[in-house]
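Here's input_37.txt, which has compact mmCIF, C-alpha atoms and all ligand atoms:
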```
# COMPACT_ATOMS: atom_id res chain seq x y z
CA MET Q 1 103.34 29.98 -74.94
CA ALA Q 2 100.08 31.62 -73.92
CA LEU Q 3 98.43 33.92 -76.38
CA GLY Q 4 98.15 37.53 -75.35
CA PHE Q 5 100.86 39.99 -74.50
CA PRO Q 6 100.47 42.70 -71.92
CA PHE Q 7 100.86 45.46 -74.46
CA MET Q 8 99.31 46.18 -77.83
CA LYS Q 9 101.24 46.57 -81.04
CA SER Q 10 100.83 49.48 -83.39
CA VAL Q 11 99.54 48.57 -86.85
CA GLN Q 12 103.05 48.94 -88.26
CA GLU Q 13 104.56 46.74 -85.53
CA ALA Q 14 101.90 44.13 -86.16
CA LEU Q 15 102.67 44.18 -89.90
CA GLU Q 16 106.38 43.82 -89.21
CA GLU Q 17 105.71 40.67 -87.23
CA MET Q 18 103.17 39.25 -89.68
CA MET Q 19 104.74 39.92 -93.07
CA PRO Q 20 107.67 37.46 -92.71
CA ALA Q 21 105.09 34.68 -92.31
CA PHE Q 22 103.54 35.42 -95.69
CA VAL Q 23 105.91 34.09 -98.34
CA PRO Q 24 105.23 32.62 -101.79
CA ILE Q 25 104.25 28.96 -101.72
CA GLY Q 26 105.96 27.74 -104.87
CA THR Q 27 105.32 28.24 -108.54
CA GLU Q 28 103.18 26.82 -111.34
CA ARG Q 29 103.24 26.97 -115.15
CA LEU Q 30 100.31 28.79 -116.69
CA SER Q 31 99.37 29.62 -120.24
CA LEU Q 32 99.52 33.31 -121.06
CA LEU Q 33 95.99 34.53 -120.44
CA ASP Q 34 95.66 32.42 -117.30
CA ALA Q 35 98.73 34.21 -115.94
CA LEU Q 36 97.11 37.66 -116.18
CA GLY Q 37 97.60 39.54 -112.90
CA ARG Q 38 100.10 37.02 -111.53
CA PHE Q 39 103.79 37.52 -110.76
CA LEU Q 40 106.70 35.82 -112.51
CA GLY Q 41 108.47 33.21 -110.43
CA GLU Q 42 111.43 33.16 -112.84
CA GLU Q 43 113.28 35.57 -115.05
CA VAL Q 44 112.28 35.44 -118.71
CA THR Q 45 114.99 36.13 -121.30
CA ALA Q 46 114.24 37.24 -124.83
CA ARG Q 47 114.35 34.43 -127.35
CA ALA Q 48 114.76 36.70 -130.34
CA ASP Q 49 115.44 40.28 -131.36
CA ILE Q 50 112.56 42.75 -131.39
CA PRO Q 51 112.06 43.87 -134.11
CA ALA Q 52 113.07 40.55 -135.63
CA PHE Q 53 114.09 42.28 -138.90
CA ALA Q 54 114.68 45.87 -139.99
CA ASN Q 55 111.37 47.27 -141.13
CA SER Q 56 109.81 50.48 -142.31
CA SER Q 57 107.86 52.76 -139.96
CA MET Q 58 106.19 54.53 -142.93
CA ASP Q 59 104.49 53.88 -146.24
CA GLY Q 60 106.92 55.20 -148.86
CA TYR Q 61 110.08 54.21 -150.71
CA ALA Q 62 113.17 52.35 -149.56
CA VAL Q 63 116.35 53.95 -150.88
CA ARG Q 64 120.07 54.25 -150.30
CA ALA Q 65 120.68 57.50 -148.37
CA GLN Q 66 123.56 58.31 -150.71
CA ASP Q 67 121.23 58.18 -153.73
CA VAL Q 68 118.96 60.90 -152.34
CA ALA Q 69 121.59 63.15 -150.70
CA GLY Q 70 120.82 66.75 -151.58
CA ALA Q 71 117.28 66.04 -152.85
CA SER Q 72 114.68 68.68 -152.03
CA ALA Q 73 111.18 69.68 -153.08
CA ALA Q 74 112.69 72.25 -155.45
CA SER Q 75 115.15 69.77 -156.90
CA PRO Q 76 113.81 66.26 -156.51
CA ARG Q 77 115.82 63.17 -157.39
CA ALA Q 78 114.15 60.84 -159.93
CA LEU Q 79 114.88 57.18 -159.20
CA PRO Q 80 113.67 54.18 -161.18
CA LEU Q 81 111.08 52.22 -159.21
CA VAL Q 82 112.15 48.58 -158.87
CA GLY Q 83 110.26 46.02 -156.82
CA GLU Q 84 108.04 46.21 -153.74
CA SER Q 85 108.28 45.26 -150.06
CA LYS Q 86 105.03 44.55 -148.28
CA ALA Q 87 104.31 43.38 -144.72
CA GLY Q 88 104.64 39.63 -144.54
CA GLY Q 89 106.84 39.37 -147.63
CA THR Q 90 110.57 39.04 -148.33
CA PRO Q 91 111.75 41.66 -150.79
CA PRO Q 92 114.59 41.23 -153.28
CA PRO Q 93 117.72 43.30 -152.59
CA LEU Q 94 117.56 46.99 -153.59
CA VAL Q 95 119.37 47.71 -156.82
CA ALA Q 96 121.79 50.64 -156.30
CA GLY Q 97 120.40 53.88 -157.73
CA THR Q 98 116.76 52.74 -157.57
CA ALA Q 99 113.88 53.06 -155.11
CA MET Q 100 111.58 50.29 -153.91
CA ARG Q 101 107.95 50.78 -152.90
CA ILE Q 102 107.63 49.84 -149.20
CA PHE Q 103 104.80 49.70 -146.67
CA THR Q 104 104.67 50.11 -142.89
CA GLY Q 105 106.07 47.07 -141.09
CA ALA Q 106 107.52 45.58 -144.29
CA PRO Q 107 111.16 44.41 -144.31
CA VAL Q 108 113.68 46.97 -145.48
CA PRO Q 109 115.40 45.30 -148.44
CA GLU Q 110 119.08 44.46 -148.30
CA GLY Q 111 121.05 47.36 -149.70
CA ALA Q 112 118.54 50.03 -148.59
CA ASP Q 113 119.32 52.08 -145.49
CA ALA Q 114 116.53 54.67 -145.45
CA VAL Q 115 112.86 55.17 -146.19
CA VAL Q 116 111.34 58.29 -147.69
CA MET Q 117 107.73 58.79 -146.76
CA GLN Q 118 105.16 58.79 -149.49
CA GLU Q 119 104.13 62.40 -148.75
CA ASP Q 120 107.63 63.60 -149.77
CA THR Q 121 107.46 61.97 -153.20
CA THR Q 122 105.62 62.17 -156.48
CA VAL Q 123 105.28 59.34 -158.91
CA GLY Q 124 106.84 60.17 -162.27
CA GLY Q 125 106.22 58.53 -165.65
CA ASP Q 126 108.18 55.50 -166.86
CA ALA Q 127 108.07 53.83 -163.45
CA THR Q 128 110.15 56.45 -161.68
CA VAL Q 129 109.59 58.17 -158.38
CA ASN Q 130 110.65 61.75 -157.62
CA ILE Q 131 112.17 61.95 -154.15
CA GLY Q 132 111.62 65.46 -152.77
CA VAL Q 133 113.67 65.21 -149.60
CA ALA Q 134 117.07 63.96 -148.45
CA ALA Q 135 116.86 60.96 -146.12
CA PRO Q 136 119.79 60.25 -143.82
CA ALA Q 137 120.77 56.61 -143.20
CA GLY Q 138 118.33 55.00 -140.77
CA HIS Q 139 115.50 57.40 -141.60
CA PHE Q 140 112.09 55.73 -140.88
CA VAL Q 141 113.83 52.38 -140.41
CA ARG Q 142 113.17 50.37 -137.27
CA PRO Q 143 116.45 48.46 -136.96
CA ARG Q 144 116.51 44.78 -136.03
CA GLY Q 145 116.94 44.34 -132.26
CA ASN Q 146 116.35 48.05 -131.62
CA ASP Q 147 113.79 47.46 -128.83
CA LEU Q 148 115.15 44.27 -127.33
CA ARG Q 149 118.06 41.94 -128.06
CA GLY Q 150 117.65 38.16 -127.97
CA GLY Q 151 119.28 36.61 -124.89
CA ARG Q 152 118.80 39.72 -122.72
CA THR Q 153 116.53 39.83 -119.66
CA MET Q 154 113.08 40.66 -120.92
CA LEU Q 155 111.04 40.35 -117.71
CA PRO Q 156 112.71 40.00 -114.30
CA ARG Q 157 111.43 37.63 -111.61
CA GLY Q 158 108.56 39.29 -109.76
CA SER Q 159 107.24 41.11 -112.85
CA ARG Q 160 103.49 41.49 -112.85
CA ILE Q 161 101.91 39.89 -115.89
CA GLY Q 162 99.67 42.56 -117.38
CA PRO Q 163 98.51 43.13 -120.95
CA GLY Q 164 101.86 44.59 -122.05
CA GLU Q 165 103.82 41.68 -120.60
CA LEU Q 166 101.45 39.19 -122.25
CA GLY Q 167 101.93 40.96 -125.56
CA ILE Q 168 105.70 40.78 -125.48
CA LEU Q 169 105.69 37.15 -124.29
CA ALA Q 170 103.41 36.24 -127.19
CA ALA Q 171 105.59 38.19 -129.62
CA GLN Q 172 108.50 36.01 -128.48
CA GLY Q 173 106.56 32.82 -129.12
CA ILE Q 174 106.40 32.06 -125.38
CA SER Q 175 103.07 30.40 -124.61
CA ALA Q 176 103.42 29.58 -120.90
CA VAL Q 177 105.15 31.18 -117.92
CA THR Q 178 106.15 30.21 -114.39
CA VAL Q 179 104.28 32.29 -111.82
CA PHE Q 180 103.92 32.15 -108.05
CA ARG Q 181 101.02 30.01 -106.91
CA LYS Q 182 97.75 31.51 -105.80
CA PRO Q 183 97.33 30.92 -102.06
CA ARG Q 184 94.21 29.15 -100.83
CA VAL Q 185 92.80 31.11 -97.93
CA ALA Q 186 90.46 29.31 -95.54
CA ILE Q 187 87.79 31.41 -93.85
CA LEU Q 188 86.32 30.02 -90.66
CA SER Q 189 83.49 31.88 -88.94
CA THR Q 190 82.58 31.27 -85.32
CA GLY Q 191 79.46 32.19 -83.40
CA ASP Q 192 76.30 30.48 -82.10
CA GLU Q 193 74.30 33.24 -83.75
CA LEU Q 194 75.49 32.57 -87.30
CA ARG Q 195 73.35 31.02 -89.99
CA ASP Q 196 74.03 30.52 -93.65
CA LEU Q 197 72.58 32.83 -96.25
CA HIS Q 198 70.09 30.19 -97.42
CA ASP Q 199 69.05 28.96 -93.94
CA PRO Q 200 65.63 30.05 -92.67
CA PRO Q 201 65.79 32.92 -90.15
CA ALA Q 202 65.67 31.91 -86.49
CA PRO Q 203 65.24 34.23 -83.49
CA GLY Q 204 68.55 35.81 -82.48
CA SER Q 205 70.37 34.51 -85.51
CA ILE Q 206 72.18 36.57 -88.13
CA VAL Q 207 73.46 35.69 -91.56
CA ASN Q 208 77.17 34.99 -91.72
CA SER Q 209 77.82 38.02 -93.88
CA ASN Q 210 81.50 38.18 -93.00
CA ALA Q 211 82.14 34.99 -94.92
CA TYR Q 212 80.93 36.74 -98.07
CA ALA Q 213 82.70 40.04 -97.45
CA LEU Q 214 85.96 38.34 -96.53
CA ALA Q 215 85.80 35.85 -99.41
CA ALA Q 216 85.29 38.82 -101.74
CA MET Q 217 88.27 40.61 -100.24
CA VAL Q 218 90.41 37.48 -100.59
CA ARG Q 219 89.39 37.12 -104.21
CA GLU Q 220 89.94 40.81 -104.95
CA ALA Q 221 93.41 40.42 -103.46
CA GLY Q 222 94.01 37.75 -106.12
CA CYS Q 223 93.78 34.66 -103.89
CA GLU Q 224 91.42 31.69 -103.64
CA PRO Q 225 88.91 31.81 -100.77
CA VAL Q 226 87.76 28.55 -99.19
CA VAL Q 227 84.77 29.14 -96.92
CA LEU Q 228 84.44 26.54 -94.15
CA PRO Q 229 81.16 25.68 -92.43
CA ASN Q 230 80.24 27.99 -89.50
CA VAL Q 231 81.21 26.71 -86.06
CA PRO Q 232 79.37 27.31 -82.81
CA ASP Q 233 81.02 28.93 -79.80
CA ASP Q 234 82.56 25.74 -78.54
CA VAL Q 235 86.25 24.83 -78.18
CA ASP Q 236 85.95 21.27 -79.51
CA ALA Q 237 83.98 22.30 -82.58
CA THR Q 238 86.40 25.15 -83.21
CA VAL Q 239 89.40 22.82 -82.83
CA ALA Q 240 88.00 20.35 -85.36
CA SER Q 241 87.31 23.10 -87.85
CA LEU Q 242 90.73 24.71 -87.37
CA ARG Q 243 92.31 21.36 -88.23
CA ALA Q 244 90.35 21.31 -91.48
CA GLY Q 245 91.28 24.92 -92.21
CA LEU Q 246 94.98 24.33 -91.64
CA VAL Q 247 95.26 22.41 -94.91
CA ALA Q 248 94.92 25.75 -96.69
CA ASP Q 249 97.89 28.06 -97.24
CA VAL Q 250 96.49 30.75 -94.94
CA LEU Q 251 93.85 30.37 -92.24
CA LEU Q 252 91.59 33.25 -91.30
CA THR Q 253 89.07 32.94 -88.51
CA CYS Q 254 86.49 35.49 -87.63
CA GLY Q 255 84.82 36.17 -84.31
CA GLY Q 256 85.50 34.85 -80.84
CA VAL Q 257 88.77 36.65 -80.19
CA SER Q 258 87.57 39.21 -77.66
CA VAL Q 259 87.34 38.85 -73.91
CA GLY Q 260 83.75 37.60 -73.77
CA ASP Q 261 82.70 34.38 -72.07
CA TYR Q 262 82.12 32.75 -75.46
CA ASP Q 263 85.38 33.79 -77.08
CA PHE Q 264 87.06 30.43 -77.49
CA VAL Q 265 89.20 30.99 -80.53
CA LYS Q 266 92.51 31.74 -78.80
CA ALA Q 267 92.22 28.62 -76.64
CA ALA Q 268 91.42 26.55 -79.71
CA PHE Q 269 94.47 28.00 -81.53
CA ALA Q 270 96.71 26.75 -78.73
CA SER Q 271 95.25 23.26 -78.76
CA VAL Q 272 95.91 22.74 -82.49
CA GLY Q 273 99.51 23.85 -82.13
CA ILE Q 274 99.18 27.35 -83.53
CA GLU Q 275 102.17 29.21 -82.17
CA ALA Q 276 101.14 32.46 -80.58
CA GLY Q 277 102.37 35.65 -82.15
CA PHE Q 278 100.42 38.52 -80.65
CA TRP Q 279 96.93 39.51 -79.57
CA LYS Q 280 95.51 43.01 -79.89
CA VAL Q 281 96.57 45.86 -82.11
CA ARG Q 282 96.13 49.61 -81.65
CA ILE Q 283 93.71 49.79 -84.57
CA LYS Q 284 90.12 51.00 -84.71
CA PRO Q 285 88.03 49.14 -85.53
CA GLY Q 286 89.53 45.72 -84.91
CA LYS Q 287 91.59 45.84 -81.73
CA PRO Q 288 91.31 42.16 -80.65
CA LEU Q 289 92.98 40.70 -83.76
CA VAL Q 290 95.15 37.69 -82.99
CA PHE Q 291 98.07 36.40 -85.04
CA GLY Q 292 99.89 33.10 -84.91
CA ARG Q 293 101.34 30.43 -87.15
CA ARG Q 294 101.36 26.71 -87.42
CA GLY Q 295 104.51 25.61 -89.22
CA THR Q 296 104.64 27.76 -92.32
CA THR Q 297 100.91 28.55 -92.29
CA PRO Q 298 99.99 32.04 -91.11
CA VAL Q 299 96.82 32.15 -89.00
CA VAL Q 300 94.91 35.34 -88.32
CA GLY Q 301 91.99 35.56 -85.92
CA LEU Q 302 89.91 38.50 -87.10
CA PRO Q 303 87.33 40.10 -84.84
CA GLY Q 304 83.71 39.27 -85.63
CA ASN Q 305 82.27 42.74 -85.98
CA CYS Q 306 81.90 43.15 -89.71
CA MET Q 307 83.79 46.43 -90.03
CA SER Q 308 86.52 45.19 -87.69
CA ALA Q 309 86.95 42.11 -89.85
CA MET Q 310 87.06 44.06 -93.11
CA VAL Q 311 89.27 46.87 -91.86
CA THR Q 312 91.79 44.53 -90.23
CA PHE Q 313 91.80 42.37 -93.36
CA GLU Q 314 92.57 45.44 -95.44
CA ALA Q 315 95.31 46.74 -93.12
CA LEU Q 316 96.95 43.54 -91.92
CA VAL Q 317 96.01 40.56 -94.09
CA ARG Q 318 95.84 41.88 -97.65
CA PRO Q 319 99.51 42.94 -97.75
CA GLY Q 320 100.50 39.44 -96.66
CA LEU Q 321 98.37 37.80 -99.34
CA ARG Q 322 99.85 40.05 -101.99
CA ALA Q 323 103.35 39.14 -100.78
CA MET Q 324 102.46 35.44 -101.06
CA LEU Q 325 101.44 36.04 -104.66
CA GLY Q 326 104.94 37.35 -105.25
CA ASP Q 327 103.94 41.01 -105.55
CA PRO Q 328 107.09 43.00 -104.82
CA ARG Q 329 104.86 45.95 -103.88
CA PRO Q 330 102.28 44.30 -101.63
CA TYR Q 331 100.96 47.40 -99.88
CA ARG Q 332 98.31 49.85 -100.94
CA PRO Q 333 100.12 53.10 -101.62
CA ARG Q 334 99.72 55.76 -98.98
CA ALA Q 335 97.53 58.30 -100.74
CA SER Q 336 96.72 61.81 -99.64
CA VAL Q 337 93.21 63.25 -99.48
CA THR Q 338 91.63 66.50 -98.33
CA LEU Q 339 88.90 66.39 -95.71
CA ALA Q 340 85.67 67.90 -96.98
CA VAL Q 341 84.30 68.39 -93.44
CA ASP Q 342 85.53 68.73 -89.86
CA HIS Q 343 85.96 65.37 -88.18
CA ARG Q 344 86.70 64.28 -84.62
CA HIS Q 345 87.78 60.84 -83.49
CA ALA Q 346 88.83 59.05 -80.32
CA THR Q 347 92.58 58.95 -79.77
CA GLY Q 348 94.66 56.00 -78.55
CA ARG Q 349 94.43 53.86 -81.68
CA LEU Q 350 95.00 54.45 -85.38
CA GLU Q 351 91.48 54.78 -86.77
CA LEU Q 352 90.68 53.70 -90.33
CA VAL Q 353 87.67 55.78 -91.30
CA ARG Q 354 85.49 54.74 -94.23
CA ALA Q 355 85.12 57.62 -96.67
CA ARG Q 356 83.90 58.54 -100.11
CA LEU Q 357 85.86 60.70 -102.49
CA ALA Q 358 84.69 63.47 -104.76
CA GLY Q 359 86.69 65.48 -107.32
CA ALA Q 360 90.33 66.27 -106.43
CA ASN Q 361 90.26 63.61 -103.71
CA ARG Q 362 88.02 65.50 -101.29
CA ALA Q 363 87.09 62.93 -98.67
CA THR Q 364 83.84 62.76 -96.76
CA PRO Q 365 83.73 60.23 -93.91
CA LEU Q 366 80.59 58.10 -93.92
CA ARG Q 367 78.10 59.01 -91.22
CA LEU Q 368 78.17 55.49 -89.75
CA GLN Q 369 81.55 54.48 -88.37
CA ASP Q 370 80.52 51.82 -85.85
CA SER Q 371 82.54 48.60 -85.99
CA GLY Q 372 79.36 46.59 -86.48
CA SER Q 373 77.75 48.83 -89.03
CA LEU Q 374 77.63 47.06 -92.40
CA PRO Q 375 76.22 49.99 -94.40
CA SER Q 376 79.37 51.88 -93.52
CA TRP Q 377 81.26 49.92 -96.18
CA VAL Q 378 78.97 50.52 -99.11
CA ASP Q 379 80.48 52.39 -102.04
CA VAL Q 380 83.56 53.17 -99.96
CA ASP Q 381 86.49 54.66 -101.84
CA ALA Q 382 89.07 55.14 -99.15
CA LEU Q 383 90.06 54.44 -95.58
CA LEU Q 384 91.37 57.60 -93.93
CA LEU Q 385 94.20 57.04 -91.48
CA LEU Q 386 93.46 59.15 -88.42
CA ALA Q 387 96.36 59.35 -85.99
CA GLU Q 388 96.47 57.82 -82.51
CA ASP Q 389 97.39 61.15 -80.95
CA LYS Q 390 95.21 63.68 -82.78
CA ALA Q 391 91.53 64.10 -81.98
CA ALA Q 392 90.34 66.99 -84.11
CA TYR Q 393 90.63 67.32 -87.86
CA SER Q 394 89.42 70.32 -89.83
CA ALA Q 395 87.86 70.64 -93.26
CA GLY Q 396 90.60 71.34 -95.80
CA GLU Q 397 93.18 69.37 -93.86
CA THR Q 398 95.23 66.76 -95.71
CA VAL Q 399 95.14 63.24 -94.29
CA PRO Q 400 96.77 59.99 -95.42
CA ALA Q 401 94.44 57.38 -96.85
CA LEU Q 402 94.29 54.00 -98.56
CA PHE Q 403 92.25 53.79 -101.75
CA VAL Q 404 90.42 50.51 -101.34
CA ARG Q 405 88.47 50.22 -104.56
CA ASP Q 406 90.21 48.09 -107.12
CA GLU Q 407 88.77 50.23 -109.87
CA THR Q 408 88.05 53.85 -109.14
CA GLY Q 409 86.08 55.22 -112.03
CA ALA Q 410 85.05 58.73 -112.93
CA ALA Q 411 81.69 59.94 -114.17
CA ILE Q 412 83.41 62.42 -116.51
CA SER Q 413 85.73 61.54 -119.38
CA PRO Q 414 89.41 62.27 -118.58
CA PHE Q 415 89.72 63.73 -122.09
CA ALA Q 416 86.96 66.30 -121.60
P1 LIG V 1 82.63 38.43 -81.75
O1 LIG V 1 83.93 38.96 -82.29
O2 LIG V 1 82.50 36.96 -81.95
O3 LIG V 1 82.45 38.83 -80.33
O4 LIG V 1 81.49 39.09 -82.58
C1 LIG V 1 81.30 40.48 -82.55
C2 LIG V 1 80.05 40.88 -83.29
O5 LIG V 1 80.18 40.53 -84.65
C3 LIG V 1 78.79 40.20 -82.82
O6 LIG V 1 77.74 41.14 -82.89
C4 LIG V 1 78.59 39.10 -83.79
O7 LIG V 1 77.27 38.72 -83.92
C5 LIG V 1 79.11 39.72 -85.06
N1 LIG V 1 79.64 38.67 -85.94
C6 LIG V 1 80.51 37.72 -85.58
N2 LIG V 1 80.80 36.91 -86.60
C7 LIG V 1 80.07 37.36 -87.65
C8 LIG V 1 79.93 36.94 -89.00
N3 LIG V 1 80.62 35.90 -89.46
N4 LIG V 1 79.11 37.64 -89.80
C9 LIG V 1 78.44 38.70 -89.34
N5 LIG V 1 78.54 39.15 -88.09
C10 LIG V 1 79.32 38.50 -87.23
MG MG V 2 81.22 35.56 -81.34
```

Hey, can you dump this file as structure tokens for me?
Ligand code: AMP
Ligand code: MG
Amino acid sequence: MALGFPFMKSVQEALEEMMPAFVPIGTERLSLLDALGRFLGEEVTARADIPAFANSSMDGYAVRAQDVAGASAASPRALPLVGESKAGGTPPPLVAGTAMRIFTGAPVPEGADAVVMQEDTTVGGDATVNIGVAAPAGHFVRPRGNDLRGGRTMLPRGSRIGPGELGILAAQGISAVTVFRKPRVAILSTGDELRDLHDPPAPGSIVNSNAYALAAMVREAGCEPVVLPNVPDDVDATVASLRAGLVADVLLTCGGVSVGDYDFVKAAFASVGIEAGFWKVRIKPGKPLVFGRRGTTPVVGLPGNCMSAMVTFEALVRPGLRAMLGDPRPYRPRASVTLAVDHRHATGRLELVRARLAGANRATPLRLQDSGSLPSWVDVDALLLLAEDKAAYSAGETVPALFVRDETGAAISPFA
């Protein structure tokens, strides 16, 4: 089948065709900290109850509720003080009609069913304690299995392993988990003009900056970038390099997908058996993107212009990579921002406009929006989604956006 269809897909239509090609590529066992940020490839059931034993949530005295019924500050109940329960110990059973000193997290002794906090007591002479409050059964006791019962589902398949998940896994004595593998993503740059960062400058040459920007985006998406050597604008060289790249789990190329005389990438795709999906998307920047697959390997030909490559990666490749990692929510959420200034754009394609955000998500588009303008993705917070059929936007208008910074900080404390 020849690459190239007579019509262009919308971004959503392109995603609908691409996403089914991006599926997890198996699982691996990782120790807990190595699994941070990954997604569970299996359900994890609780091995034991949490809490593992009934324990006190206060420093105070363990008692039988019936022994302190009716106690109050005005008429405290004096109970002999017998024994102690401290965290890490195993207390003797509570003798009926006595109180036992107990500390936070310490086991509630057999026979006790309530804890009176220290602040509601006074210590009397002769090893007695005056209980100044009634404590119903269960008071300040964290019962065994209250939070989680052994044998129940603790973390379903697809759970993201974050700090909380690591904590509970460790609490259960689980030291390794099965997570979806991290895809290896090959990045192949084409163009006679490209030189490596450390090569000496030559007339007409430019540094292959896309390899760095794309590798960073792959890594930020949680995957493993594999940067291949640059290839010149030549079908045979491109074919050889594509073959090398196809050993990865995903193959991204960049450049050479337009209609220029030196755009050989689509022809090279066909000759290595990459099945054509589609060519061209109604997206700005990045229209000439090409998608295909070879067996189970998704292949995306990104345009060479640096902003086209980054924007199309963000819109059309990143969700697929997240899905391969097993993320059940692979898309950036559709956020909502308020334009700080009037803005016009060309209709006919969905435009993703680089913008910075100030307080209350007021968005200012960067001055430079050209597809080849690298400084237009410096300190970018968001990509505004400007509609195919609407040219003029006014200050104060609400527009949908993707927040593209993994960590959006604030200069002011949220507690101020
Ligand atoms: P192309 O898509 O190959 O027609 O390239 C479009 C524009 O992007 C040209 O100005 C190229 O020089 C530039 N370009 C292509 N590939 C890269 C790259 N890997 N790094 C930086 N710029 C590139
Ligand atoms: Mg080129």

Exercise for the section: Name the residues in contact with region 47-55 of chain Q at a cut-off of 9 Å, using all atoms listed in the file, excluding same-chain residues fewer than 4 positions from it; report them as a PyMOL selection string. Expected result: chain Q and resi 87+103-109+140-152+171-174

Problem - Environment of ligand MG 2 (chain V) within 7 Å, counting only C-alpha atoms and all ligand atoms, reported as a PyMOL selection string - result: chain Q and resi 190-191+233+255-256+262-263+304

Now that the selection is made, can you save its residues with C-alpha atoms as a tab-separated table (two decimals), keeping the file's coordinate frame?
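Once everything was written out, this is selection_33.tsv:
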```
chain	number	residue	atom	x	y	z
Q	190	THR	CA	82.58	31.27	-85.32
Q	191	GLY	CA	79.46	32.19	-83.40
Q	233	ASP	CA	81.02	28.93	-79.80
Q	255	GLY	CA	84.82	36.17	-84.31
Q	256	GLY	CA	85.50	34.85	-80.84
Q	262	TYR	CA	82.12	32.75	-75.46
Q	263	ASP	CA	85.38	33.79	-77.08
Q	304	GLY	CA	83.71	39.27	-85.63
```

Practice task
Check which residues fall inside 7 Å of ligand LIG 1 (chain V) when counting all atoms listed in the file, and print them as a list in words.
Solution key: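 Those residues are Ser189, Thr190, Gly191, Glu193, Leu194, Ile206, Val207, Asn208, Ser209, Asn210, Ala211, Cys254, Gly255, Gly256, Val257, Ser258, Gly260, Asp263, Pro303, Gly304, Asn305, Cys306 and Gly372 of chain Q.
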
Spatial neighbours of Ala340 (chain Q), 6 Å, all atoms listed in the file, chain gap at least 6 places, as a tab-separated table (two decimals) with C-alpha atoms, in the coordinates of the input:
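Okay, out-v4.tsv is ready:
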```tsv
chain	number	residue	atom	x	y	z
Q	362	ARG	CA	88.02	65.50	-101.29
Q	363	ALA	CA	87.09	62.93	-98.67
Q	364	THR	CA	83.84	62.76	-96.76
Q	395	ALA	CA	87.86	70.64	-93.26
```

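Put simply, CA of Gly286 (chain Q) is 21.2 Å away from CA of Ala270 (chain Q).
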
Give me region 399-412 of chain Q with N, CA and C atoms filled in, as a PDB file, in the frame of the given file.
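Below you can see rebuild.pdb, which holds the result:
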```pdb
ATOM      1  N   VAL Q 399      94.917  64.437 -95.117  1.00  0.00           N
ATOM      2  CA  VAL Q 399      95.140  63.240 -94.290  1.00  0.00           C
ATOM      3  C   VAL Q 399      95.572  62.080 -95.187  1.00  0.00           C
ATOM      4  N   PRO Q 400      96.390  61.170 -94.629  1.00  0.00           N
ATOM      5  CA  PRO Q 400      96.770  59.990 -95.420  1.00  0.00           C
ATOM      6  C   PRO Q 400      95.587  59.045 -95.548  1.00  0.00           C
ATOM      7  N   ALA Q 401      95.574  58.275 -96.606  1.00  0.00           N
ATOM      8  CA  ALA Q 401      94.440  57.380 -96.850  1.00  0.00           C
ATOM      9  C   ALA Q 401      94.893  56.202 -97.709  1.00  0.00           C
ATOM     10  N   LEU Q 402      94.119  55.126 -97.643  1.00  0.00           N
ATOM     11  CA  LEU Q 402      94.290  54.000 -98.560  1.00  0.00           C
ATOM     12  C   LEU Q 402      93.094  54.001 -99.498  1.00  0.00           C
ATOM     13  N   PHE Q 403      93.345  53.927-100.787  1.00  0.00           N
ATOM     14  CA  PHE Q 403      92.250  53.790-101.750  1.00  0.00           C
ATOM     15  C   PHE Q 403      91.945  52.305-101.840  1.00  0.00           C
ATOM     16  N   VAL Q 404      90.719  51.932-101.478  1.00  0.00           N
ATOM     17  CA  VAL Q 404      90.420  50.510-101.340  1.00  0.00           C
ATOM     18  C   VAL Q 404      89.565  49.937-102.458  1.00  0.00           C
ATOM     19  N   ARG Q 405      89.216  50.768-103.417  1.00  0.00           N
ATOM     20  CA  ARG Q 405      88.470  50.220-104.560  1.00  0.00           C
ATOM     21  C   ARG Q 405      89.460  49.777-105.603  1.00  0.00           C
ATOM     22  N   ASP Q 406      89.279  48.557-106.109  1.00  0.00           N
ATOM     23  CA  ASP Q 406      90.210  48.090-107.120  1.00  0.00           C
ATOM     24  C   ASP Q 406      90.121  48.939-108.376  1.00  0.00           C
ATOM     25  N   GLU Q 407      88.924  49.360-108.707  1.00  0.00           N
ATOM     26  CA  GLU Q 407      88.770  50.230-109.870  1.00  0.00           C
ATOM     27  C   GLU Q 407      88.040  51.481-109.423  1.00  0.00           C
ATOM     28  N   THR Q 408      88.724  52.606-109.452  1.00  0.00           N
ATOM     29  CA  THR Q 408      88.050  53.850-109.140  1.00  0.00           C
ATOM     30  C   THR Q 408      87.749  54.542-110.455  1.00  0.00           C
ATOM     31  N   GLY Q 409      86.471  54.616-110.753  1.00  0.00           N
ATOM     32  CA  GLY Q 409      86.080  55.220-112.030  1.00  0.00           C
ATOM     33  C   GLY Q 409      85.753  56.687-111.846  1.00  0.00           C
ATOM     34  N   ALA Q 410      85.482  57.343-112.948  1.00  0.00           N
ATOM     35  CA  ALA Q 410      85.050  58.730-112.930  1.00  0.00           C
ATOM     36  C   ALA Q 410      83.815  58.858-113.782  1.00  0.00           C
ATOM     37  N   ALA Q 411      82.910  59.763-113.386  1.00  0.00           N
ATOM     38  CA  ALA Q 411      81.690  59.940-114.170  1.00  0.00           C
ATOM     39  C   ALA Q 411      81.959  60.784-115.402  1.00  0.00           C
ATOM     40  N   ILE Q 412      83.109  61.482-115.402  1.00  0.00           N
ATOM     41  CA  ILE Q 412      83.410  62.420-116.510  1.00  0.00           C
ATOM     42  C   ILE Q 412      84.641  61.888-117.257  1.00  0.00           C
TER      43      ILE Q 412
END
```
